[in-house]
file entry08.pdb (PDB, C-alpha atoms)
ATOM      1  CA  MET A   1     -10.407  -0.853 -12.645
ATOM      2  CA  PHE A   2      -6.946   0.556 -11.888
ATOM      3  CA  LEU A   3      -8.188   3.994 -12.852
ATOM      4  CA  ASP A   4     -10.696   3.738 -10.022
ATOM      5  CA  HIS A   5      -8.437   2.214  -7.358
ATOM      6  CA  GLY A   6      -4.940   3.203  -8.489
ATOM      7  CA  PRO A   7      -4.713   6.448  -6.503
ATOM      8  CA  GLU A   8      -5.754   4.597  -3.347
ATOM      9  CA  VAL A   9      -3.162   1.876  -3.987
ATOM     10  CA  LEU A  10      -0.450   4.482  -4.543
ATOM     11  CA  ALA A  11      -1.442   6.332  -1.368
ATOM     12  CA  GLY A  12      -1.231   3.098   0.621
ATOM     13  CA  VAL A  13       2.217   2.340  -0.748
ATOM     14  CA  ARG A  14       3.423   5.840   0.050
ATOM     15  CA  ALA A  15       2.026   5.624   3.588
ATOM     16  CA  THR A  16       3.900   2.358   4.142
ATOM     17  CA  ALA A  17       7.242   3.520   2.758
ATOM     18  CA  ASP A  18       9.611   5.237   5.161
ATOM     19  CA  GLY A  19      11.593   8.414   4.516
ATOM     20  CA  PRO A  20      14.868   6.520   4.007
ATOM     21  CA  ASP A  21      13.147   4.345   1.381
ATOM     22  CA  TYR A  22      12.849   7.436  -0.823
ATOM     23  CA  VAL A  23      16.459   8.541  -0.365
ATOM     24  CA  GLU A  24      18.375   5.325  -0.772
ATOM     25  CA  GLY A  25      17.823   1.642  -0.750
ATOM     26  CA  PRO A  26      16.461  -1.008  -3.043
ATOM     27  CA  ILE A  27      13.180   0.756  -3.879
ATOM     28  CA  SER A  28      14.182   4.427  -3.999
ATOM     29  CA  ASP A  29      14.224   4.568  -7.826
ATOM     30  CA  ASP A  30      10.915   2.715  -8.026
ATOM     31  CA  LEU A  31       9.297   5.076  -5.519
ATOM     32  CA  ARG A  32      10.295   7.992  -7.732
ATOM     33  CA  ARG A  33       8.712   6.236 -10.717
ATOM     34  CA  LEU A  34       5.368   6.195  -8.902
ATOM     35  CA  ARG A  35       4.998   9.893  -9.769
ATOM     36  CA  GLY A  36       4.785   8.833 -13.410
ATOM     37  CA  ILE A  37       1.930   6.493 -12.538
ATOM     38  CA  ASP A  38       0.135   9.375 -10.800
ATOM     39  CA  THR A  39       0.464  11.512 -13.918
ATOM     40  CA  THR A  40      -0.711   8.746 -16.229
ATOM     41  CA  LEU A  41      -3.723   8.000 -14.028
ATOM     42  CA  LEU A  42      -4.619  11.682 -13.923
ATOM     43  CA  ARG A  43      -4.442  11.982 -17.716
ATOM     44  CA  ALA A  44      -6.456   8.794 -18.220
ATOM     45  CA  ASP A  45      -9.096  10.058 -15.788
ATOM     46  CA  VAL A  46      -9.335  13.340 -17.726
ATOM     47  CA  LEU A  47      -9.782  11.321 -20.919
ATOM     48  CA  ARG A  48     -12.585   9.319 -19.303
ATOM     49  CA  HIS A  49     -14.392  12.504 -18.173
ATOM     50  CA  GLU A  50     -13.981  14.043 -21.609
ATOM     51  CA  TRP A  51     -15.497  10.892 -23.106
ATOM     52  CA  ASP A  52     -18.473  11.129 -20.766
ATOM     53  CA  GLN A  53     -18.985  14.764 -21.782
ATOM     54  CA  ILE A  54     -18.727  13.955 -25.484
ATOM     55  CA  MET A  55     -21.254  11.155 -25.149
ATOM     56  CA  ALA A  56     -23.633  13.461 -23.266
ATOM     57  CA  LEU A  57     -23.342  16.074 -26.022
ATOM     58  CA  MET A  58     -23.872  13.492 -28.754
ATOM     59  CA  ASP A  59     -27.110  12.264 -27.211
ATOM     60  CA  GLY A  60     -28.808  15.282 -28.825
ATOM     61  CA  SER A  61     -27.254  14.682 -32.284
ATOM     62  CA  GLN A  62     -29.123  13.501 -35.344
ATOM     63  CA  PRO A  63     -28.975   9.722 -35.843
ATOM     64  CA  GLY A  64     -26.924   9.912 -39.077
ATOM     65  CA  SER A  65     -24.328  12.276 -37.701
ATOM     66  CA  LEU A  66     -24.293  10.538 -34.310
ATOM     67  CA  GLN A  67     -22.706   7.418 -35.767
ATOM     68  CA  LEU A  68     -20.043   9.398 -37.661
ATOM     69  CA  TYR A  69     -19.099  11.534 -34.636
ATOM     70  CA  GLN A  70     -19.220   8.598 -32.286
ATOM     71  CA  GLU A  71     -16.823   6.587 -34.453
ATOM     72  CA  ARG A  72     -14.351   9.489 -34.600
ATOM     73  CA  ALA A  73     -14.648  10.103 -30.859
ATOM     74  CA  GLU A  74     -14.123   6.409 -30.093
ATOM     75  CA  GLU A  75     -11.078   6.321 -32.342
ATOM     76  CA  HIS A  76      -9.574   9.316 -30.541
ATOM     77  CA  ARG A  77     -10.444   7.915 -27.117
ATOM     78  CA  ASN A  78      -9.028   4.493 -27.952
ATOM     79  CA  THR A  79      -5.794   5.949 -29.320
ATOM     80  CA  GLU A  80      -5.271   8.023 -26.193
ATOM     81  CA  GLY A  81      -6.437   5.201 -23.940
ATOM     82  CA  TRP A  82      -3.980   2.725 -25.461
ATOM     83  CA  HIS A  83      -1.201   5.272 -25.013
ATOM     84  CA  TYR A  84      -1.966   5.525 -21.293
ATOM     85  CA  ALA A  85      -2.362   1.757 -20.991
ATOM     86  CA  HIS A  86       1.076   1.336 -22.573
ATOM     87  CA  GLU A  87       2.586   3.864 -20.142
ATOM     88  CA  LEU A  88       1.039   2.025 -17.192
ATOM     89  CA  SER A  89       2.364  -1.304 -18.469
ATOM     90  CA  TYR A  90       5.838   0.246 -18.573
ATOM     91  CA  GLN A  91       5.503   1.933 -15.145
ATOM     92  CA  GLY A  92       3.585  -0.846 -13.386
ATOM     93  CA  PRO A  93       6.519  -3.123 -12.553
ATOM     94  CA  ALA A  94       7.938  -0.363 -10.320
ATOM     95  CA  LEU A  95       4.722  -0.449  -8.277
ATOM     96  CA  VAL A  96       4.906  -4.244  -8.092
ATOM     97  CA  ARG A  97       8.528  -4.188  -6.877
ATOM     98  CA  VAL A  98       7.751  -1.553  -4.238
ATOM     99  CA  GLY A  99       4.675  -3.466  -3.102
ATOM    100  CA  GLU A 100       6.562  -6.758  -2.810
ATOM    101  CA  TYR A 101       9.431  -5.154  -0.913
ATOM    102  CA  LEU A 102       7.135  -3.388   1.540
ATOM    103  CA  ALA A 103       4.992  -6.507   2.023
ATOM    104  CA  ASP A 104       8.090  -8.633   2.714
ATOM    105  CA  ARG A 105       9.353  -6.040   5.185
ATOM    106  CA  ALA A 106       5.948  -5.875   6.906
ATOM    107  CA  ASN A 107       5.864  -9.682   7.152
ATOM    108  CA  ALA A 108       9.375  -9.747   8.638
ATOM    109  CA  GLU A 109       8.425  -7.054  11.168
ATOM    110  CA  ARG A 110       5.235  -8.934  12.053
ATOM    111  CA  SER A 111       7.208 -12.176  12.521
ATOM    112  CA  ALA A 112       9.691 -10.404  14.779
ATOM    113  CA  GLN A 113       6.859  -8.882  16.835
ATOM    114  CA  THR A 114       5.169 -12.272  17.114
ATOM    115  CA  GLU A 115       8.414 -13.866  18.272
ATOM    116  CA  ARG A 116       9.010 -11.107  20.858
ATOM    117  CA  ALA A 117       5.458 -11.540  22.145
ATOM    118  CA  ARG A 118       5.895 -15.330  22.372
ATOM    119  CA  VAL A 119       9.155 -14.961  24.312
ATOM    120  CA  ALA A 120       7.594 -12.401  26.656
ATOM    121  CA  LEU A 121       4.604 -14.651  27.307
ATOM    122  CA  THR A 122       6.879 -17.604  27.977
ATOM    123  CA  ARG A 123       8.893 -15.578  30.487
ATOM    124  CA  SER A 124       5.816 -14.268  32.239
ATOM    125  CA  ALA A 125       3.962 -17.590  32.452
ATOM    126  CA  PRO A 126       3.383 -18.611  36.122
ATOM    127  CA  SER A 127       4.267 -22.244  35.449
ATOM    128  CA  GLY A 128       4.635 -24.592  32.595
ATOM    129  CA  ARG A 129       7.051 -25.233  29.806
ATOM    130  CA  GLY A 130       9.768 -22.727  29.319
ATOM    131  CA  ALA A 131       9.019 -20.878  32.526
ATOM    132  CA  THR A 132      11.962 -20.253  34.778
ATOM    133  CA  PRO A 133      11.769 -22.247  37.983
ATOM    134  CA  ALA A 134      10.573 -20.324  40.982
ATOM    135  CA  SER A 135      13.134 -19.515  43.645
ATOM    136  CA  PRO A 136      12.806 -21.619  46.758
ATOM    137  CA  PRO A 137      10.982 -19.833  49.574
ATOM    138  CA  VAL A 138      13.208 -17.957  51.956
ATOM    139  CA  PRO A 139      12.815 -19.254  55.512
ATOM    140  CA  ARG A 140      11.511 -16.736  57.956
ATOM    141  CA  ALA A 141      14.154 -15.620  60.369
ATOM    142  CA  SER A 142      13.253 -16.411  63.943
ATOM    143  CA  LEU A 143      14.055 -13.671  66.343
ATOM    144  CA  PRO A 144      15.652 -14.672  69.616
ATOM    145  CA  PRO A 145      13.650 -13.714  72.688
ATOM    146  CA  THR A 146      14.554 -10.404  74.166
ATOM    147  CA  PRO A 147      16.241 -10.916  77.558
ATOM    148  CA  GLY A 148      14.652  -9.495  80.630
ATOM    149  CA  ARG A 149      11.099  -9.527  79.513
ATOM    150  CA  THR A 150       8.512 -11.766  80.944
ATOM    151  CA  ARG A 151       4.936 -12.310  80.277
TER     152      ARG A 151
END
call {"tool": "encode", "arguments": {"input": "entry08.pdb", "output": "structure tokens"}}
result
Amino acid sequence: MFLDHGPEVLAGVRATADGPDYVEGPISDDLRRLRGIDTTLLRADVLRHEWDQIMALMDGSQPGSLQLYQERAEEHRNTEGWHYAHELSYQGPALVRVGEYLADRANAERSAQTERARVALTRSAPSGRGATPASPPVPRASLPPTPGRTR
């Protein structure tokens, strides 16, 4: 499953991380470790394609030799596959830490935006709770009649 969706997950993480995250900060080392995950996924994907090709070639084999070759091919595939699975289990916590950090930061930013929007709405509300009281109306100045004019 991760072979299918891992590159997309990694791309999403990289799109969310900022430049300074890569240089310094709590996840900079983990972001560098993501390159190892890329490499492992690439190698595992190559192994999967090789397996598909081997199986396609073996479809034309004689039944007796098919079983022998298939067992050897499965043994090789499983050995390599477990190696990559082990590498991913070692590298995976870096992805988890980066994901948690970025999700927490996104949640904090969203909360701050929500709070700013709430405050702005409260200030701009025409009346109601939290609205600033309207200034009393300014009385219109009455102009004194101009002397010397009559109607």
call {"tool": "closest_residue", "arguments": {"input": "entry08.pdb", "among": "A:Leu66, A:Ala73, A:Val98, A:Leu121", "to": "A:Arg48", "atoms": "all atoms listed in the file"}}
result
A:Ala73
call {"tool": "closest_residue", "arguments": {"input": "entry08.pdb", "among": "A:Leu41, A:Leu68, A:Gln53, A:Arg123", "to": "A:Phe2", "atoms": "only C-alpha atoms"}}
result
A:Leu41
call {"tool": "closest_residue", "arguments": {"input": "entry08.pdb", "among": "A:Arg110, A:His5, A:Arg14, A:Arg33", "to": "A:Tyr90", "atoms": "all atoms listed in the file"}}
result
A:Arg33
call {"tool": "closest_residue", "arguments": {"input": "entry08.pdb", "among": "A:Gly64, A:Arg77, A:Leu102, A:Glu8", "to": "A:Asp52", "atoms": "all atoms listed in the file"}}
result
A:Arg77
call {"tool": "closest_residue", "arguments": {"input": "entry08.pdb", "among": "A:Asp18, A:Asp59, A:Glu80, A:Glu75", "to": "A:Val46", "atoms": "only C-alpha atoms"}}
result
A:Glu80
call {"tool": "atom_distance", "arguments": {"input": "entry08.pdb", "atom1": "atom CA of A:Leu31", "atom2": "atom CA of A:Ala103"}}
result
14.5 Å
call {"tool": "atom_distance", "arguments": {"input": "entry08.pdb", "atom1": "atom CA of A:Gln91", "atom2": "atom CA of A:Thr39"}}
result
10.9 Å
call {"tool": "atom_distance", "arguments": {"input": "entry08.pdb", "atom1": "atom CA of A:Tyr84", "atom2": "atom CA of A:Thr40"}}
result
6.1 Å
call {"tool": "resolve_selection", "arguments": {"input": "entry08.pdb", "expression": "the PyMOL selection byres ((chain A and resi 6) around 12)", "output": "list in words"}}
result
Met1, Phe2, Leu3, Asp4, His5, Pro7, Glu8, Val9, Leu10, Ala11, Gly12, Val13, Leu34, Ile37, Asp38, Thr39, Thr40, Leu41, Leu42, Ala44, Asp45, Leu88, Gly92 and Leu95 of chain A
call {"tool": "residues_around", "arguments": {"input": "entry08.pdb", "residues": "A:Ser28", "least_positions_apart": "6", "cutoff": "10 Å", "atoms": "only C-alpha atoms", "output": "ChimeraX atom specification"}}
result
/A:17,19-22,98
call {"tool": "residues_around", "arguments": {"input": "entry08.pdb", "residues": "A:Met55", "least_positions_apart": "5", "cutoff": "10 Å", "atoms": "only C-alpha atoms", "output": "list in words"}}
result
His49, Glu50, Gly60, Ser61, Leu66, Tyr69, Gln70, Ala73 and Glu74 of chain A
call {"tool": "closest_residue", "arguments": {"input": "entry08.pdb", "among": "A:Pro63, A:Gly36, A:Pro26, A:Pro126", "to": "A:Glu100", "atoms": "only C-alpha atoms"}}
result
A:Pro26
call {"tool": "axis_aligned_box", "arguments": {"input": "entry08.pdb", "around": "stretch 40-46 of chain A", "padding_each_side": "6 Å", "output": "lines of an AutoDock Vina configuration file"}}
result
center_x = -5.0
center_y = 10.7
center_z = -16.1
size_x = 20.6
size_y = 17.3
size_z = 16.3
call {"tool": "residues_around", "arguments": {"input": "entry08.pdb", "residues": "A:His76", "least_positions_apart": "5", "cutoff": "10 Å", "atoms": "only C-alpha atoms", "output": "list of chain:residue names"}}
result
A:Leu47, A:Trp51, A:Gln70, A:Glu71, A:Gly81
call {"tool": "write_last_selection", "arguments": {"input": "entry08.pdb", "atoms": "C-alpha atoms", "output": "CSV table (one decimal), in the coordinates of the input"}}
result
chain,number,residue,atom,x,y,z
A,47,LEU,CA,-9.8,11.3,-20.9
A,51,TRP,CA,-15.5,10.9,-23.1
A,70,GLN,CA,-19.2,8.6,-32.3
A,71,GLU,CA,-16.8,6.6,-34.5
A,81,GLY,CA,-6.4,5.2,-23.9
